[in-house]
Structure formats: structure tokens, C-alpha cells
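Reproduced below: entry.tsv, with TSV, C-alpha atoms.
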```
chain	number	residue	atom	x	y	z
A	1	MET	CA	64.79	24.73	-18.30
A	2	THR	CA	65.89	21.74	-20.35
A	3	ILE	CA	69.43	21.91	-18.99
A	4	SER	CA	68.05	21.67	-15.45
A	5	HIS	CA	66.19	18.46	-16.33
A	6	ILE	CA	69.30	16.95	-17.94
A	7	LEU	CA	71.56	17.77	-14.98
A	8	ALA	CA	68.93	16.58	-12.51
A	9	LEU	CA	68.59	13.25	-14.35
A	10	PHE	CA	72.38	12.81	-14.33
A	11	VAL	CA	72.65	13.48	-10.58
A	12	ALA	CA	69.58	11.36	-9.81
A	13	ILE	CA	71.03	8.34	-11.63
A	14	LEU	CA	74.27	8.67	-9.65
A	15	PHE	CA	72.67	9.05	-6.24
A	16	VAL	CA	69.74	6.67	-6.57
A	17	GLY	CA	72.11	4.06	-7.99
A	18	ALA	CA	74.62	4.60	-5.16
A	19	GLY	CA	71.93	4.46	-2.49
A	20	VAL	CA	70.15	1.38	-3.83
A	21	TYR	CA	73.53	-0.33	-4.19
A	22	LYS	CA	74.10	0.16	-0.45
A	23	ILE	CA	70.53	-0.74	0.54
A	24	LEU	CA	70.68	-4.07	-1.27
A	25	ASP	CA	74.00	-5.09	0.31
A	26	PRO	CA	74.28	-3.19	3.62
A	27	PHE	CA	76.75	-5.53	5.33
A	28	THR	CA	79.32	-5.34	2.54
A	29	TRP	CA	78.97	-1.57	2.48
A	30	ALA	CA	79.32	-1.37	6.24
A	31	HIS	CA	82.65	-3.15	5.84
A	32	ASN	CA	83.62	-0.71	3.08
A	33	LEU	CA	82.92	2.20	5.42
A	34	GLU	CA	85.18	0.61	8.03
A	35	VAL	CA	87.98	0.59	5.44
A	36	PHE	CA	87.33	4.33	5.16
A	37	LYS	CA	87.96	4.77	8.90
A	38	VAL	CA	84.35	4.69	10.07
A	39	PRO	CA	84.21	2.90	13.48
A	40	TYR	CA	82.65	-0.56	13.13
A	41	GLN	CA	80.23	0.21	15.98
A	42	ILE	CA	78.42	2.71	13.74
A	43	SER	CA	79.31	1.45	10.26
A	44	LEU	CA	76.01	-0.37	9.68
A	45	PRO	CA	73.66	2.42	10.84
A	46	ALA	CA	75.87	4.90	8.97
A	47	THR	CA	75.48	2.78	5.81
A	48	LEU	CA	71.69	2.73	6.11
A	49	LEU	CA	71.48	6.46	6.88
A	50	LEU	CA	73.76	7.30	3.97
A	51	ALA	CA	71.86	5.02	1.60
A	52	ILE	CA	68.48	6.51	2.54
A	53	SER	CA	69.87	10.04	2.16
A	54	GLU	CA	71.34	9.27	-1.27
A	55	VAL	CA	68.17	7.69	-2.64
A	56	PHE	CA	65.96	10.40	-1.14
A	57	GLY	CA	68.18	13.17	-2.53
A	58	GLY	CA	68.27	11.52	-5.96
A	59	VAL	CA	64.50	11.11	-6.10
A	60	LEU	CA	63.89	14.68	-4.90
A	61	ILE	CA	66.15	16.22	-7.52
A	62	LEU	CA	64.45	14.19	-10.23
A	63	VAL	CA	60.99	15.63	-9.45
A	64	PRO	CA	60.72	19.26	-10.63
A	65	ARG	CA	58.67	20.52	-7.67
A	66	PHE	CA	61.18	19.01	-5.20
A	67	ARG	CA	64.31	19.75	-7.23
A	68	ARG	CA	65.75	22.57	-5.15
A	69	TRP	CA	65.38	20.55	-1.97
A	70	GLY	CA	67.02	17.57	-3.65
A	71	ALA	CA	69.84	19.75	-4.99
A	72	ALA	CA	70.45	21.11	-1.50
A	73	LEU	CA	70.55	17.62	0.07
A	74	VAL	CA	72.79	16.18	-2.65
A	75	SER	CA	75.13	19.17	-2.40
A	76	LEU	CA	75.43	18.74	1.36
A	77	LEU	CA	76.24	15.05	0.92
A	78	LEU	CA	78.92	15.78	-1.67
A	79	ILE	CA	80.50	18.50	0.47
A	80	ALA	CA	80.48	16.12	3.45
A	81	PHE	CA	82.09	13.35	1.34
A	82	MET	CA	84.86	15.63	0.14
A	83	ALA	CA	85.48	17.08	3.60
A	84	TYR	CA	85.67	13.61	5.18
A	85	ILE	CA	88.00	12.23	2.51
A	86	GLY	CA	90.10	15.38	2.71
A	87	TYR	CA	90.47	14.97	6.47
A	88	HIS	CA	91.65	11.33	6.06
A	89	TYR	CA	93.41	11.93	2.75
A	90	LYS	CA	96.89	10.74	3.79
A	91	GLU	CA	95.47	7.47	5.13
A	92	LEU	CA	93.13	6.82	2.20
A	93	ILE	CA	95.09	7.97	-0.85
A	94	GLY	CA	95.08	5.24	-3.50
A	95	GLN	CA	92.15	3.42	-1.86
A	96	ASP	CA	89.43	2.16	-4.19
A	97	CYS	CA	86.25	4.21	-3.95
A	98	THR	CA	83.13	2.70	-5.49
A	99	CYS	CA	80.59	5.04	-3.93
A	100	PHE	CA	78.85	5.27	-7.28
A	101	PRO	CA	78.44	1.73	-8.69
A	102	TRP	CA	79.19	2.56	-12.34
A	103	LEU	CA	82.22	4.74	-11.60
A	104	LYS	CA	85.42	3.00	-10.55
A	105	ARG	CA	87.62	5.56	-8.80
A	106	THR	CA	90.51	5.75	-6.37
A	107	ILE	CA	91.21	8.40	-3.78
A	108	GLY	CA	93.43	11.10	-5.27
A	109	PRO	CA	93.14	14.50	-6.96
A	110	PRO	CA	90.77	13.18	-9.70
A	111	PHE	CA	88.37	12.08	-6.95
A	112	PHE	CA	87.89	15.65	-5.77
A	113	ALA	CA	87.63	16.92	-9.34
A	114	GLY	CA	84.89	14.39	-10.05
A	115	ASP	CA	82.91	15.20	-6.92
A	116	ALA	CA	83.32	18.93	-7.62
A	117	GLY	CA	81.79	18.32	-11.06
A	118	PHE	CA	78.87	16.43	-9.49
A	119	LEU	CA	78.43	19.26	-7.01
A	120	LEU	CA	78.33	21.86	-9.80
A	121	ALA	CA	75.74	19.79	-11.67
A	122	ALA	CA	73.53	19.56	-8.56
A	123	ILE	CA	73.83	23.29	-7.83
A	124	LEU	CA	72.96	24.29	-11.40
A	125	ALA	CA	70.02	21.88	-11.49
A	126	GLY	CA	68.67	23.54	-8.35
A	127	VAL	CA	69.39	27.12	-9.36
A	128	TRP	CA	67.56	26.71	-12.68
A	129	ALA	CA	64.56	25.02	-11.04
A	130	LYS	CA	61.44	26.62	-9.60
A	131	PRO	CA	61.12	26.98	-5.80
A	132	SER	CA	60.21	23.68	-4.17
A	133	PHE	CA	56.87	23.01	-2.49
A	134	GLY	CA	54.87	20.10	-1.07
A	135	LYS	CA	56.46	19.03	2.23
A	136	ARG	CA	53.89	16.30	2.77
A	137	GLY	CA	54.67	14.68	-0.57
A	138	ALA	CA	58.39	14.81	0.16
A	139	ALA	CA	57.79	13.26	3.58
A	140	VAL	CA	55.84	10.41	1.99
A	141	MET	CA	58.74	9.79	-0.40
A	142	LEU	CA	61.17	9.73	2.50
A	143	GLY	CA	58.97	7.23	4.32
A	144	ALA	CA	58.81	4.99	1.26
A	145	VAL	CA	62.60	5.03	0.90
A	146	ALA	CA	63.05	4.25	4.61
A	147	VAL	CA	60.61	1.32	4.40
A	148	PHE	CA	62.45	-0.03	1.36
A	149	ALA	CA	65.74	0.21	3.26
A	150	GLY	CA	64.24	-1.51	6.31
A	151	VAL	CA	62.79	-4.38	4.30
A	152	SER	CA	66.06	-4.87	2.43
A	153	TYR	CA	68.03	-4.83	5.68
A	154	GLY	CA	65.69	-7.42	7.18
A	155	SER	CA	66.15	-9.64	4.15
A	156	ALA	CA	69.95	-9.27	4.29
A	157	LEU	CA	69.95	-10.05	8.01
A	158	THR	CA	67.84	-13.16	7.45
A	159	HIS	CA	70.26	-14.39	4.81
A	160	GLN	CA	73.22	-13.67	7.09
A	161	ASN	CA	71.77	-15.80	9.85
A	162	GLY	CA	70.61	-19.33	9.27
A	163	LEU	CA	72.74	-19.97	6.20
A	164	LYS	CA	73.24	-23.68	5.68
A	165	ALA	CA	76.87	-24.76	5.61
A	166	PRO	CA	78.12	-27.28	3.05
A	167	ASP	CA	77.66	-30.85	4.23
A	168	SER	CA	81.37	-31.27	4.82
A	169	THR	CA	84.82	-29.90	4.13
A	170	ILE	CA	88.24	-31.45	3.90
A	171	VAL	CA	90.06	-30.94	7.20
A	172	ASP	CA	93.68	-31.94	7.40
A	173	GLY	CA	93.18	-34.22	4.39
A	174	LYS	CA	90.00	-35.96	5.56
A	175	PRO	CA	86.24	-35.20	5.13
A	176	TYR	CA	84.83	-33.40	8.15
A	177	SER	CA	81.09	-32.90	8.67
A	178	LEU	CA	79.86	-29.34	9.18
A	179	GLN	CA	76.32	-30.48	9.99
A	180	HIS	CA	76.84	-31.49	13.61
A	181	GLY	CA	78.08	-29.75	16.72
A	182	ARG	CA	79.53	-26.30	17.25
A	183	ILE	CA	82.15	-25.01	14.84
A	184	PHE	CA	83.93	-21.70	14.39
A	185	LEU	CA	85.17	-21.03	10.86
A	186	PHE	CA	88.05	-18.55	10.80
A	187	PHE	CA	89.05	-17.13	7.42
A	188	TYR	CA	92.47	-15.49	7.35
A	189	ASP	CA	95.29	-14.32	5.10
A	190	PRO	CA	98.67	-15.60	6.39
A	191	ASN	CA	100.34	-12.35	5.31
A	192	CYS	CA	97.73	-10.10	6.95
A	193	MET	CA	98.93	-8.49	10.20
A	194	HIS	CA	95.32	-7.90	11.27
A	195	CYS	CA	94.65	-11.63	10.82
A	196	ASP	CA	97.82	-12.47	12.72
A	197	HIS	CA	96.78	-10.27	15.63
A	198	ALA	CA	93.25	-11.73	15.59
A	199	ALA	CA	94.56	-15.30	15.72
A	200	LYS	CA	96.98	-14.52	18.55
A	201	THR	CA	94.16	-12.89	20.50
A	202	MET	CA	91.84	-15.87	19.99
A	203	SER	CA	94.61	-18.29	20.98
A	204	LYS	CA	94.28	-16.92	24.51
A	205	PHE	CA	90.52	-17.56	24.70
A	206	ASN	CA	89.20	-20.36	26.89
A	207	TRP	CA	87.24	-22.19	24.18
A	208	LYS	CA	84.44	-24.55	25.23
A	209	SER	CA	85.46	-28.19	24.92
A	210	ASP	CA	82.75	-28.98	22.35
A	211	VAL	CA	83.81	-26.17	19.95
A	212	THR	CA	86.00	-26.95	16.94
A	213	VAL	CA	87.92	-24.11	15.33
A	214	ILE	CA	88.53	-24.58	11.60
A	215	ALA	CA	91.04	-22.14	10.12
A	216	ILE	CA	90.78	-21.42	6.38
A	217	PRO	CA	93.60	-19.52	4.64
A	218	THR	CA	92.22	-17.38	1.82
A	219	ARG	CA	95.59	-17.26	-0.01
A	220	GLU	CA	99.18	-18.50	0.36
A	221	GLN	CA	97.77	-21.77	1.68
A	222	HIS	CA	101.22	-23.34	2.03
A	223	PHE	CA	101.76	-21.00	5.00
A	224	ALA	CA	98.75	-22.42	6.91
A	225	GLU	CA	100.75	-24.66	9.25
A	226	ALA	CA	103.31	-21.94	9.99
A	227	PHE	CA	100.54	-19.40	10.67
A	228	LEU	CA	98.86	-21.61	13.28
A	229	HIS	CA	102.22	-22.47	14.83
A	230	ASP	CA	103.31	-18.84	15.11
A	231	THR	CA	99.97	-17.54	16.42
A	232	LYS	CA	99.45	-20.57	18.71
A	233	LEU	CA	95.81	-20.76	17.64
A	234	LYS	CA	94.54	-24.27	18.33
A	235	ALA	CA	92.66	-25.08	15.13
A	236	VAL	CA	92.42	-27.59	12.33
A	237	THR	CA	92.88	-26.48	8.73
A	238	SER	CA	90.64	-26.57	5.67
A	239	LEU	CA	91.92	-25.38	2.30
A	240	GLU	CA	88.48	-25.33	0.65
A	241	VAL	CA	88.16	-21.56	0.76
A	242	ASP	CA	86.19	-21.24	-2.49
A	243	LYS	CA	83.62	-23.82	-1.40
A	244	LEU	CA	83.07	-22.18	1.99
A	245	LYS	CA	83.27	-18.59	0.77
A	246	SER	CA	80.60	-19.27	-1.85
A	247	VAL	CA	78.18	-19.69	1.07
A	248	PHE	CA	79.66	-17.38	3.71
A	249	GLN	CA	80.48	-14.34	1.61
A	250	PHE	CA	82.73	-11.55	2.83
A	251	THR	CA	85.13	-8.98	1.42
A	252	ASP	CA	88.44	-9.27	3.27
A	253	PRO	CA	89.72	-11.41	6.14
A	254	PRO	CA	89.84	-11.79	9.05
A	255	TYR	CA	86.29	-13.10	9.08
A	256	GLY	CA	84.55	-15.70	11.19
A	257	VAL	CA	81.36	-17.75	11.15
A	258	VAL	CA	79.68	-19.37	14.16
A	259	LEU	CA	78.05	-22.66	13.13
A	260	GLU	CA	75.64	-24.76	15.16
A	261	ASN	CA	74.45	-28.06	13.68
A	262	GLY	CA	75.20	-27.00	10.14
A	263	HIS	CA	73.68	-23.51	10.17
A	264	GLN	CA	75.23	-20.10	10.67
A	265	LYS	CA	74.25	-18.62	13.99
A	266	THR	CA	76.08	-15.35	13.50
A	267	PRO	CA	78.92	-13.92	11.42
A	268	VAL	CA	81.97	-12.57	13.26
A	269	PRO	CA	83.37	-9.82	11.02
A	270	HIS	CA	85.13	-7.60	13.59
A	271	TYR	CA	88.49	-8.15	15.32
A	272	GLU	CA	89.27	-5.07	17.36
A	273	ASP	CA	88.33	-3.54	20.70
A	274	ALA	CA	85.91	-5.96	22.43
A	275	GLU	CA	85.49	-8.18	19.37
A	276	PRO	CA	85.44	-11.05	18.65
A	277	GLU	CA	85.49	-11.93	22.36
A	278	ALA	CA	82.13	-10.31	23.09
A	279	THR	CA	80.31	-12.16	20.31
A	280	LEU	CA	81.95	-15.51	20.98
A	281	ARG	CA	81.15	-15.23	24.67
A	282	GLN	CA	77.56	-14.25	23.91
A	283	VAL	CA	76.99	-17.35	21.76
A	284	GLY	CA	78.66	-19.55	24.38
A	285	PHE	CA	81.72	-20.57	22.38
A	286	ILE	CA	84.21	-19.33	24.99
A	287	GLU	CA	84.20	-19.21	28.75
```

What would the structure in this file look like if it were written as C-alpha cells?
Amino acid sequence: MTISHILALFVAILFVGAGVYKILDPFTWAHNLEVFKVPYQISLPATLLLAISEVFGGVLILVPRFRRWGAALVSLLLIAFMAYIGYHYKELIGQDCTCFPWLKRTIGPPFFAGDAGFLLAAILAGVWAKPSFGKRGAAVMLGAVAVFAGVSYGSALTHQNGLKAPDSTIVDGKPYSLQHGRIFLFFYDPNCMHCDHAAKTMSKFNWKSDVTVIAIPTREQHFAEAFLHDTKLKAVTSLEVDKLKSVFQFTDPPYGVVLENGHQKTPVPHYEDAEPEATLRQVGFIE
């Protein structure tokens, strides 16, 4: 039926767009999932699994002979989304939700109404479609989506590691080279309690003598000196946040970057449980 094709196209655009959006920028989306209470230990694999499922479901529902299977998968994903958000509703209400790249939404009653509408569209597209067939073809499509996700993840990982730092930054009013030695860049918001806790935790680390910690306030830069004094973090200060963030991109602080001789060795995005101590110890920046 024509209406089935129209609904399927609508749902496919939503889900393929959402999945590709995540596949192309998995690290940012992993952080977004952490904001939505997903443990950081599984946020990245969860992002990749979700992205593959969304693209696969969107492609299946677009192809008439796979439409019912795609409608079933998409419906399960939507029900799971709504159930998860409903479970964490009190914690997440008002939070921005950009699961679908062209739809800017926040968590609240309209969110559930919107997802219910998407769910109805998927169900109707499947009900008015012929029974699905061709498991081998569907499996090939799944494999292609998984390969695409793997290649994109590898590319994102390569760009995360080995990034070249700017030649220098202004530290405490003077040019400071970022091309030599071992440096830890720590981006923070002086009014962020998570950042405050992270800095206090790192102040207790036994840093190697050849490591320089450069603290970069992302806002309210006039509080930089007071922040370091209150947290007792032994660091020098750079106020060139835009210059550094243009290379080492992230969403929200706290965020860290391990530099060795001018190149990023690893990002340090997590500051809870065993992190960042485990990563900093692994790269040899602390005893």
C-alpha cells in the first residue's frame, strides 16, 4: 500500500539518520549516553550497538520484503527508549535529547508523545506490508552496516589519538611550548562540582616530576586562580580555551588530554570510580 511506503520512508529517514549520526561521531555520543545515566564503562559499546541497530532497522523497514522485520526492530527500539527514559524520568526531565539529528527535543511529556507517534508509524508500516522473507539478504545488510560502523570507529579512534597540539599556548602570561615533554591538559568549569571533585582527587596524585599539568578554565576564567587554590591542584593556567578546544574537541568538562612531545597520547574523559587514576597510571604520568 502507498501509505505503508510513505510511513516506512518517514521512519527510515529518522532511524538511518540517527544511527549514522552516532556512527560518525561515536565518542561524542558515548558521552551523551553517560549524561543519560549509562555507565561510562559501557557507553561506547552501547553507542555502537545502538547505532548499528538503528541503521539496520531503518534500512530493513525501507525495503518492502524486509519491512515487517524492520518495523518489529524499530518498534522494539522505541519501546526500549521510552521505558528507559520513563525509568529515569525524574533525573532526566528537561534534558536535551537529540537522538534524531533533525529533531531538537527535551525530556518531558512531548517526548513520549513524539516517540508514540513514531511507534505508531512503524507499526502501521509493518502491518500494511507483506510478510518478510530473505534472511540471507538481511544478514548481508547487517554485516555491511557493522563493517561501516567498525571502519568509522577506527577512523574516529585514529583521530582521537595522535592529534597534534598547537605549537604553544600562553601559560601564566608567557608562551609555553606544547611540542616537548609530557603535559596533561585539564579542561574545567570553575562552577562545576564534578570538575571541583576531579581536581581535588588529582591533587592527591603523585605526579611524575617531568609531567606538567596545564589547567584550562572553559568559562568564568577570572576564577582560575581561586579554583586551583581551593582544590590544591598543582597546575599552571592557560586561558586559551578556544585555541586548544579547536583541536581537542569535547562536549562538557571535566576533560583531559595526555600529551607527549606535542601529540595526544590519549584523551581522559572520565572522572569517576577508577578514573582518571587508572589511565594516568597506565601512561606513566603518576606513580

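Comparing A:Phe36, A:Phe148, A:Phe112, A:Tyr87 by their smallest distance to Phe56 (chain A), the closest is A:Phe148 (using only C-alpha atoms).
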
Name the residues within 12 Å of (89.4, 4.1, 5.2), counting all atoms listed in the file in the file's coordinates, and put them as a PyMOL selection string. chain A and resi 30-40+43+84-97+106-107

Would you mind listing what lies within 6 Å of Ile183 (chain A) as a PyMOL selection string, with all atoms listed in the file counted and same-chain residues fewer than 2 positions away left out? chain A and resi 211-213+259

Give me the region 95-209 of chain A side of the contact with region 246-249 of chain A, cut-off 8 Å, one line per residue showing its nearest atom pair and distance in Å at one decimal, counting all atoms listed in the file, sorted by chain and residue number, as JSON lines.
```
{"residue": "A:Leu163", "atom": "CA", "partner": "A:Val247", "partner_atom": "CA", "distance": 7.5}
{"residue": "A:Lys164", "atom": "CA", "partner": "A:Val247", "partner_atom": "CA", "distance": 7.8}
{"residue": "A:Ala165", "atom": "CA", "partner": "A:Val247", "partner_atom": "CA", "distance": 6.9}
{"residue": "A:Pro166", "atom": "CA", "partner": "A:Val247", "partner_atom": "CA", "distance": 7.8}
```

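Taking CA of Lys265 (chain A) as the reference point, CA of Asp25 (chain A) is found at 19.2 Å.
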
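For the pair CA of Gly137 (chain A) and CA of Leu48 (chain A), the interatomic distance is 21.8 Å.
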
Do you know which residues lie at most 7 Å from (66.0, 16.4, -10.0), with coordinates as in the file and all atoms listed in the file counted, and could you write them as number ranges by chain? A: 5, 8-9, 12, 58-64, 67, 70, 125

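Using only C-alpha atoms, the protein and nucleic acid residues lying no more than 8 Å from Leu7 (chain A), apart from those fewer than 6 places from it along its own chain, are Ala121, Ala122, Leu124 and Ala125 of chain A.
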
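The closest residue to Asp230 (chain A), picked from A:Lys243, A:His180, A:His197, A:His263 and counting only C-alpha atoms, is A:His197.
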
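If you count all atoms listed in the file and ignore residues fewer than 6 places along the chain from Gln282 (chain A), what sits within 12 Å of it is Val258, Lys265, Thr266, Val268, Ala274, Glu275 and Pro276 of chain A.
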
Fewer than 2 positions away in the same chain doesn't count, so skip those; otherwise give me all residues within 9 Å of region 225-229 of chain A, counting all atoms listed in the file, as a JSON list (two decimals) with C-alpha atoms, in the frame of the given file.
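This went into around10.json:
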```
[["chain", "number", "residue", "atom", "x", "y", "z"],
["A", 190, "PRO", "CA", 98.67, -15.60, 6.39],
["A", 191, "ASN", "CA", 100.34, -12.35, 5.31],
["A", 196, "ASP", "CA", 97.82, -12.47, 12.72],
["A", 199, "ALA", "CA", 94.56, -15.30, 15.72],
["A", 215, "ALA", "CA", 91.04, -22.14, 10.12],
["A", 221, "GLN", "CA", 97.77, -21.77, 1.68],
["A", 222, "HIS", "CA", 101.22, -23.34, 2.03],
["A", 223, "PHE", "CA", 101.76, -21.00, 5.00],
["A", 231, "THR", "CA", 99.97, -17.54, 16.42],
["A", 232, "LYS", "CA", 99.45, -20.57, 18.71],
["A", 233, "LEU", "CA", 95.81, -20.76, 17.64],
["A", 234, "LYS", "CA", 94.54, -24.27, 18.33],
["A", 235, "ALA", "CA", 92.66, -25.08, 15.13],
["A", 236, "VAL", "CA", 92.42, -27.59, 12.33],
["A", 237, "THR", "CA", 92.88, -26.48, 8.73]]
```

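Taking all atoms listed in the file into account, Lys135 (chain A) lies nearest to A:Trp69 out of the set A:Leu14, A:Pro269, A:Lys200, A:Trp69.
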
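CA of Phe250 (chain A) is positioned 22.2 Å from CA of Ser177 (chain A).
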
Residues near Thr169 (chain A), anyone? I mean within 10 Å using all atoms listed in the file, not counting same-chain ones fewer than 6 positions away, as an MDAnalysis selection string. chainID A and resid 175:178 214 237:241 243:244

Writing out the chosen residues with C-alpha atoms as a PDB file, keeping the file's coordinate frame:
```pdb
ATOM      1  CA  PRO A 175      86.240 -35.200   5.130  1.00  0.00           C
ATOM      2  CA  TYR A 176      84.830 -33.400   8.150  1.00  0.00           C
ATOM      3  CA  SER A 177      81.090 -32.900   8.670  1.00  0.00           C
ATOM      4  CA  LEU A 178      79.860 -29.340   9.180  1.00  0.00           C
ATOM      5  CA  ILE A 214      88.530 -24.580  11.600  1.00  0.00           C
ATOM      6  CA  THR A 237      92.880 -26.480   8.730  1.00  0.00           C
ATOM      7  CA  SER A 238      90.640 -26.570   5.670  1.00  0.00           C
ATOM      8  CA  LEU A 239      91.920 -25.380   2.300  1.00  0.00           C
ATOM      9  CA  GLU A 240      88.480 -25.330   0.650  1.00  0.00           C
ATOM     10  CA  VAL A 241      88.160 -21.560   0.760  1.00  0.00           C
ATOM     11  CA  LYS A 243      83.620 -23.820  -1.400  1.00  0.00           C
ATOM     12  CA  LEU A 244      83.070 -22.180   1.990  1.00  0.00           C
TER      13      LEU A 244
END
```

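For the choices A:Met82, A:Ile13, A:Val171, A:Val20, the atom-to-atom distance to Tyr153 (chain A) is smallest for A:Val20 when using only C-alpha atoms.
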
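Of the listed residues (A:Val11, A:Leu50, A:Leu157, A:Val151), A:Val11 comes nearest to Leu119 (chain A); the distances count all atoms listed in the file.
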